[in-house]
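Just below is one structure, and these are the notes that go with it.
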Amino acid sequence: LLTSRGKALCEELEVHYENFIDCYDWKEVLSPSIDPYSGMSSLQRVPERFAQLLRHGEGLLQRVYFTRHVFLKARPMFLNDQQYLKVLKGLMAKFPEFPEADKIPGYDLLTSRGKALCEELEVHYENFIDCYDWKEAALHLINEVGTQTSILSHDTNERLMGVWLDLMVMFVRLHLLVATIADRKTILAVYAKMYQYTKSLPEPNYIKVSKWMMMYDVPFRQIQEDFRAVNDQMGRALLSTMMPYLKTRTVSIMRKESALSITLKSEDLTRPAHDQFRHELTMTSRVFQWVVYGYLAVPGALAAPGAVDYLKAVLAESYLAPVFKDVTFPIYPEYDNLFTNYKSKTFSLAKQKKVVKDAAVSSVAEAHRKHHERRVYVRQEMEALLHLLEDRPALLGPKFPMIIAGLHLAKEEIFAHFRQQVEQPPEKLRKHYKPDDWKEKRISSLIYLIHKFTELINKHRAIIQMYHLEYMAVADALALQSLVDANFANAAGPNVTQLAQSIQSDLASCQSLLDNVQRGGAPEMNFRGLRASWLRMQALMSATGSSLITQHKALVSRFEVVAQHSLNVDGIDEQLEEFASLKQLYYFKESLFTSFDQSIVDGPDQPLHAMVYIHLLAQFPSNATEYWPEEREIIGTESVRIANESLTKVATRIATILHTMATEYIRNDYQISDSNAALPLLQKRKDYKPPKDYVPPAEPGSESAYRNRTILENLRLYERNAAQLCTALNSVLDLTVYDHNITPREYLRERIGTNLRTFMRKALPTGNVDAPIQRPSLLAMQFRIYIATLSFVENFVSLDMGDLIREVLIGESYVRSLGKSGHLNFITDPEIDPLDKETFLQQILQFYIDLVHKRILVPGVVYSPLRQGFVSKTVMPFQVEGYASVVELKALATLIGPYGLKAIDREVLKFIAAQVSGLKDSLTSNAPVLDVIQSAYYREARCLEEFKRLKDVDSFMNKSVQIGNALTMRQLLHQALHEVLQEEVPFIVNTVDAMFHEYQQNTFMHPDLVPVDSLAVDAGIDAGTADPYLKATLKKTTTDADKRIWDLLPVMYAASFATSSVWREAVYKPQIEGYLNNAHCLARCINDLIVCFGSITNPTSNEMDIIASLQKFVEVSSVILLRMARAKEDRRGPVDFPSVIVFLDKFMDNANLLTYDVLESCLPYALLRNMYKDIYEVKTQGKPVDPTFIDTAGY
């Protein structure tokens, strides 16, 4: 039964089993008297003990940091409540002892929440217990190794010395971090007292933990006592790092040694770079902490020659030392106190107090120069190295130690920069501190280089692994074979020899791993045992009384190389985590993203590296550990927020630059506009005087003048900045930040779209009451320039700007409620309102509604067929030709498209419908008179009598002129749309046109053909008698019972020739090919109304009935006009009779259902010809004619 589920049970129980293993190992570390390794001395257990303590120490730092965070950021309620503060004061009066309960004022307040307080504080209390246990074990191991080894030195047993000093530093950091928790004693006291109250038993660990807390209340005072036994050993170890450390801090030496360059010495291009100097470069941050914390822990070591000078050099590097994450330790107050108060029988530090002061001043006033010099060196060398290795990745194998050294130096400088940005120096040193000196504009370049090298290493890690695996299998194995000989075995003894042989056997296994890989396998590579054996071997060779470590330096050096090679095989991730991980920059996020804000604005290459900050955000959630898992949610949410804000800033910056560039280009283009070109001509006239407030426009090309060079220079800088930011955005297709998948370019797309919408809406208004919006042609020109500028983005970002522009234009001009082509619901449904949101179209629509309702009805505004648009007199403040001509409407069509024009068309149709209702009322009131006229129009006397009985004829005709204007405006809209579509999509337009002309015009709106008719109108094609939108609009104004009324429409229009002031005042002007009172627009009005109402009210769908109505108008009109021609002396007749006569010819031009023989039968062509001759004849009155003169009739 068990074996049937064997694999599943193993997977289910594995994690719990490993927990017990770790507990056992931890117990063994804390109980060194129990020897789990039979026959081994304590030094043989060094690797395991150091590994356990360092790993658990790191975990304790995280747990204590969590406690610090809780009590610093979100303090428990009882610590802020004034009532509890009095109780706590009484409880803590004799800490660590407790007063009697009845002597603590308000003690019941605590006991009432005893269980809750225990639960709230338990995790923090246990953190302190574990800190105490760890402190005991760590102190024991530090003293044990320090006293049982003959030497700990960088030159002899650097690996053993390194882990020993690392444990010392962790010991100090843990106590410093605990000391930053102001409420640490309160936590112990409240938990222990409530534990005793709730369980009636004293808390068993309270006495030892509280004593520990009291002893380390001032950490270094007790630490110096703890490390007194290893004072000399630690002093020698620290001093042994002096020469390597000082060497790695000098840029000139690093340049000379080609520390990060593989081209300076071309002969070494392919040689391995695992020399000691580059290894020492990877230890600089560790050595800094060893020295800073070490001499505070063992101040007696400063008596050694050169120790004080070494300390001074190290202290001059920085005024801060890292503790954990964003917690730092101010160095100088502690050293100032040490040099002032430390007492020793052998030497005095007080005499050398000036050393600390000088170092402190140097760390504030001069250290920034050294850091800047190192950052420049690292950036330059790493950039060159990156380009070379990207081109030749095979060099990654031999040059991997150099890369790791460079990554460490870059990371060290990055964290040093941000620590010093967050923490200012102590008050005494502030006078030497200048914040601007510590700013590093190109810190983003270092972050970028680390990111690119990490990507490169992960991409080609197989090259690195195979190179060092082969090195171990051949070169290292042969070298050790010659060094581990019989003489060494006799001198070393069985334990050391056995360890050396185990390392050799591990090297021998490398060949089989190589063969396996070459066969396509993926063997597990794990050399942790090899490195543990070497550390154990070092400890044994360094034991007290043994000189093996100093006698076999060549062997020690080779073993150290082997250990490093093994780490390059199975420890690449560990090294990247140690030397290249920047995830802890999260704790400096304010300063980090201040530098981000600077990087996207200026600098030669910083904008190119902007996206590396977003990559950092993706790493930040991995800061969370199992000791505080909730931190992952906190960091992840914050990272997503910052990512959104940062990408929005980048997109906004690019969009703002593009807008600035476009605005400047528009301004330059305006220099060559027609209005500016007129100025030089006007200035040549002697009588020209510009207005007082007139500002002359800029001359074309003035931006290139030397005095204006800053404008062009700024444009170049803007363009470079935008190009770099776009390149950076395009370098990241998508990225996962916590639980969000982010596509950076979408932020840019959204922002550019928003800017384009804003530009369209803001460019439209002019602020001028007479001309409230820009001319469409001018707006289209500006829009084309803006679009061309936006297309700049496509050179650097994989973004379809054409699709984005179309999306914006459709969004600004498409009214969803208008529906698709082929439907008439937008006409027939009164609930549909196209003005459903704030858009570019809404402003245009409002203007053109006002234009149709008011502006083209103003006297002086005339439709000119010759100019294909409405024109105004030159003296009028509003020039309608700038908005209601085919040229301008074509520009408008390119801006708002067919849907936008359809919305304007709907408003024009609504205006027509309103006026037609007035016509219907007039026809109804005059119906009896019109019936008589219709039957007796050949009888002159009777007609004259009936004409006098007609009412409101002028009102009727004025409304008709308004309808004619609206229909003409509608025809201009359709013509402009058709011409634009013919240019842009000719195949589609031609297809629609061919389909529309496949059948006879659908005069009576046959349902099967209405979709094609409406599609033709939407394409700007002249539908003639088949206009479905106009008919649907007019149908709402009439009923079947109104047929008799609308049959009188031709008679009413014919009778108006004799009764309306419109015709009395009608004067035809050849210059505009129209009447000054827009009477020529009546031709379209009369034809369209007769046709539409004839089709709507005709029950038989007989087109001959409509033709008969049109013929009736021509016939009655001709009779009346010829009768008036005989009586020219009648004062009530037209002012210019020829102008009235030619109207019938204009009407025939619009009446597609009639042929000219109808007019010829009523009005002889000879008469029309003579009328046109009278109109077009140039009357010179005997004066010579100037051939250059063009009479525009004031328009």
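Residue numbering restarts at 1 for every chain of the structure tokens, chains are lettered A, B, ... in their displayed order, and ligands are numbered from 1 as they appear.
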Contacts of range 508-512 of chain A at 10 Å (only C-alpha atoms; same-chain gap of 4+ positions) as a short mmCIF file (atom, residue, chain, number, x, y, z; two decimals) with N, CA, C and O atoms, in the first residue's frame:
data_model
loop_
_atom_site.label_atom_id
_atom_site.label_comp_id
_atom_site.auth_asym_id
_atom_site.auth_seq_id
_atom_site.Cartn_x
_atom_site.Cartn_y
_atom_site.Cartn_z
N HIS A 468 35.73 26.24 -17.42
CA HIS A 468 36.35 25.96 -16.12
C HIS A 468 36.28 24.48 -15.76
O HIS A 468 37.16 23.97 -15.04
N LEU A 469 35.29 23.78 -16.25
CA LEU A 469 35.24 22.33 -16.01
C LEU A 469 36.40 21.64 -16.72
O LEU A 469 37.06 20.75 -16.16
N GLU A 470 36.66 22.07 -17.94
CA GLU A 470 37.80 21.50 -18.67
C GLU A 470 39.12 21.90 -18.01
O GLU A 470 40.06 21.10 -17.96
N TYR A 471 39.17 23.13 -17.50
CA TYR A 471 40.38 23.59 -16.80
C TYR A 471 40.64 22.70 -15.57
O TYR A 471 41.78 22.28 -15.31
N MET A 472 39.57 22.40 -14.83
CA MET A 472 39.72 21.55 -13.64
C MET A 472 40.13 20.13 -14.02
O MET A 472 40.96 19.50 -13.35
N ALA A 473 39.54 19.65 -15.11
CA ALA A 473 39.80 18.25 -15.51
C ALA A 473 41.22 18.04 -15.99
O ALA A 473 41.77 16.93 -15.83
N VAL A 474 41.83 19.06 -16.54
CA VAL A 474 43.16 18.87 -17.14
C VAL A 474 44.23 19.64 -16.36
O VAL A 474 45.05 19.06 -15.64
N ASP A 476 44.24 21.84 -13.75
CA ASP A 476 44.24 21.78 -12.28
C ASP A 476 44.60 20.39 -11.78
O ASP A 476 45.34 20.24 -10.80
N ALA A 477 44.06 19.38 -12.43
CA ALA A 477 44.35 18.00 -11.99
C ALA A 477 45.83 17.69 -12.12
O ALA A 477 46.44 17.10 -11.22
N SER A 502 40.68 13.56 -1.71
CA SER A 502 39.24 13.67 -2.06
C SER A 502 39.02 14.78 -3.08
O SER A 502 38.18 14.67 -3.98
N ILE A 503 39.80 15.88 -2.93
CA ILE A 503 39.69 16.96 -3.92
C ILE A 503 40.19 16.48 -5.28
O ILE A 503 39.58 16.77 -6.32
N GLN A 504 41.28 15.69 -5.28
CA GLN A 504 41.80 15.16 -6.53
C GLN A 504 40.80 14.21 -7.19
O GLN A 504 40.64 14.20 -8.42
N ASN A 516 29.93 13.53 -20.62
CA ASN A 516 28.46 13.48 -20.55
C ASN A 516 27.84 14.68 -21.26
O ASN A 516 26.87 14.55 -22.02
N VAL A 517 28.43 15.86 -21.03
CA VAL A 517 27.91 17.07 -21.67
C VAL A 517 28.09 17.00 -23.17
O VAL A 517 27.20 17.37 -23.95
N GLN A 518 29.23 16.50 -23.62
CA GLN A 518 29.49 16.42 -25.05
C GLN A 518 28.56 15.44 -25.74
O GLN A 518 28.28 15.57 -26.94
N PRO A 523 24.35 16.77 -16.87
CA PRO A 523 24.66 16.23 -15.53
C PRO A 523 24.61 17.31 -14.46
O PRO A 523 24.80 18.49 -14.74
N MET A 525 26.08 19.40 -11.63
CA MET A 525 27.44 19.82 -11.26
C MET A 525 27.39 20.43 -9.87
O MET A 525 26.81 21.50 -9.69
#
So that I can check the surroundings of range 973-984 of chain A, please list as JSON, numbers by chain every protein, DNA and RNA residue that reaches within 10 Å of it, counting only C-alpha atoms and ignoring chain neighbours fewer than 3 positions away. {"A": [868, 884, 885, 886, 887, 888, 889, 890, 891, 892, 893, 894, 897, 898, 901, 902, 904, 905, 967, 968, 969, 970, 987, 988, 989, 990, 1016, 1017, 1018, 1019, 1020, 1021, 1022]}
With C-alpha atoms kept, could you save the residues just selected as an mmCIF file, in the first residue's frame?
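Okay, this is what ended up in out19.cif:
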data_model
loop_
_atom_site.group_PDB
_atom_site.id
_atom_site.type_symbol
_atom_site.label_atom_id
_atom_site.label_comp_id
_atom_site.auth_asym_id
_atom_site.auth_seq_id
_atom_site.Cartn_x
_atom_site.Cartn_y
_atom_site.Cartn_z
ATOM 1 C CA GLN A 868 -17.389 76.514 -55.259
ATOM 2 C CA ALA A 884 -17.635 76.803 -46.430
ATOM 3 C CA SER A 885 -15.723 76.233 -49.659
ATOM 4 C CA VAL A 886 -14.827 72.949 -51.316
ATOM 5 C CA VAL A 887 -11.131 73.482 -50.568
ATOM 6 C CA GLU A 888 -11.756 74.052 -46.872
ATOM 7 C CA LEU A 889 -14.333 71.283 -46.636
ATOM 8 C CA LYS A 890 -11.881 68.852 -48.258
ATOM 9 C CA ALA A 891 -9.429 69.725 -45.499
ATOM 10 C CA LEU A 892 -12.235 69.223 -43.001
ATOM 11 C CA ALA A 893 -13.001 65.813 -44.510
ATOM 12 C CA THR A 894 -9.403 64.714 -44.008
ATOM 13 C CA GLY A 897 -13.642 61.741 -42.034
ATOM 14 C CA PRO A 898 -16.959 60.473 -43.421
ATOM 15 C CA LEU A 901 -19.256 64.881 -42.115
ATOM 16 C CA LYS A 902 -22.234 62.583 -41.602
ATOM 17 C CA ILE A 904 -22.716 67.658 -39.783
ATOM 18 C CA ASP A 905 -25.049 66.411 -42.528
ATOM 19 C CA LEU A 967 -28.930 72.086 -49.387
ATOM 20 C CA THR A 968 -26.053 73.833 -51.135
ATOM 21 C CA MET A 969 -23.924 73.477 -48.020
ATOM 22 C CA ARG A 970 -24.829 69.816 -47.941
ATOM 23 C CA PHE A 987 -11.036 51.629 -55.784
ATOM 24 C CA ILE A 988 -13.638 51.590 -53.027
ATOM 25 C CA VAL A 989 -15.323 54.770 -54.245
ATOM 26 C CA ASN A 990 -15.392 53.567 -57.842
ATOM 27 C CA ALA A 1016 -23.399 56.189 -52.155
ATOM 28 C CA VAL A 1017 -24.379 59.328 -50.213
ATOM 29 C CA ASP A 1018 -21.893 58.388 -47.469
ATOM 30 C CA ALA A 1019 -19.222 58.175 -50.188
ATOM 31 C CA GLY A 1020 -20.078 61.692 -51.383
ATOM 32 C CA ILE A 1021 -21.666 60.503 -54.632
ATOM 33 C CA ASP A 1022 -24.471 62.737 -55.942
#
Excluding Pro621 in chain A and residues on its chain fewer than 4 positions from it, collect all residues at most 9 Å away from it, counting only C-alpha atoms, and give them as a ChimeraX atom specification. /A:583,586,617,631-637,639,737-738
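Those residues in range 281-403 of chain A carrying a DSSP assignment of strand (DSSP E), computed from the backbone, are A:Leu320, A:Ala321, A:Pro322, A:Val323, A:Phe324, A:Val327, A:Thr328, A:Phe329, A:Pro330.
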Quick one: pull the distance between CA of Asn1078 in chain A and CA of Lys959 in chain A, Å, one decimal. 11.8 Å
Spatial neighbours of Arg461 in chain A, 9 Å, only C-alpha atoms, chain gap at least 2 places, as a VMD selection string: chain A and resid 396 to 397 456 to 459 463 to 466 569 572
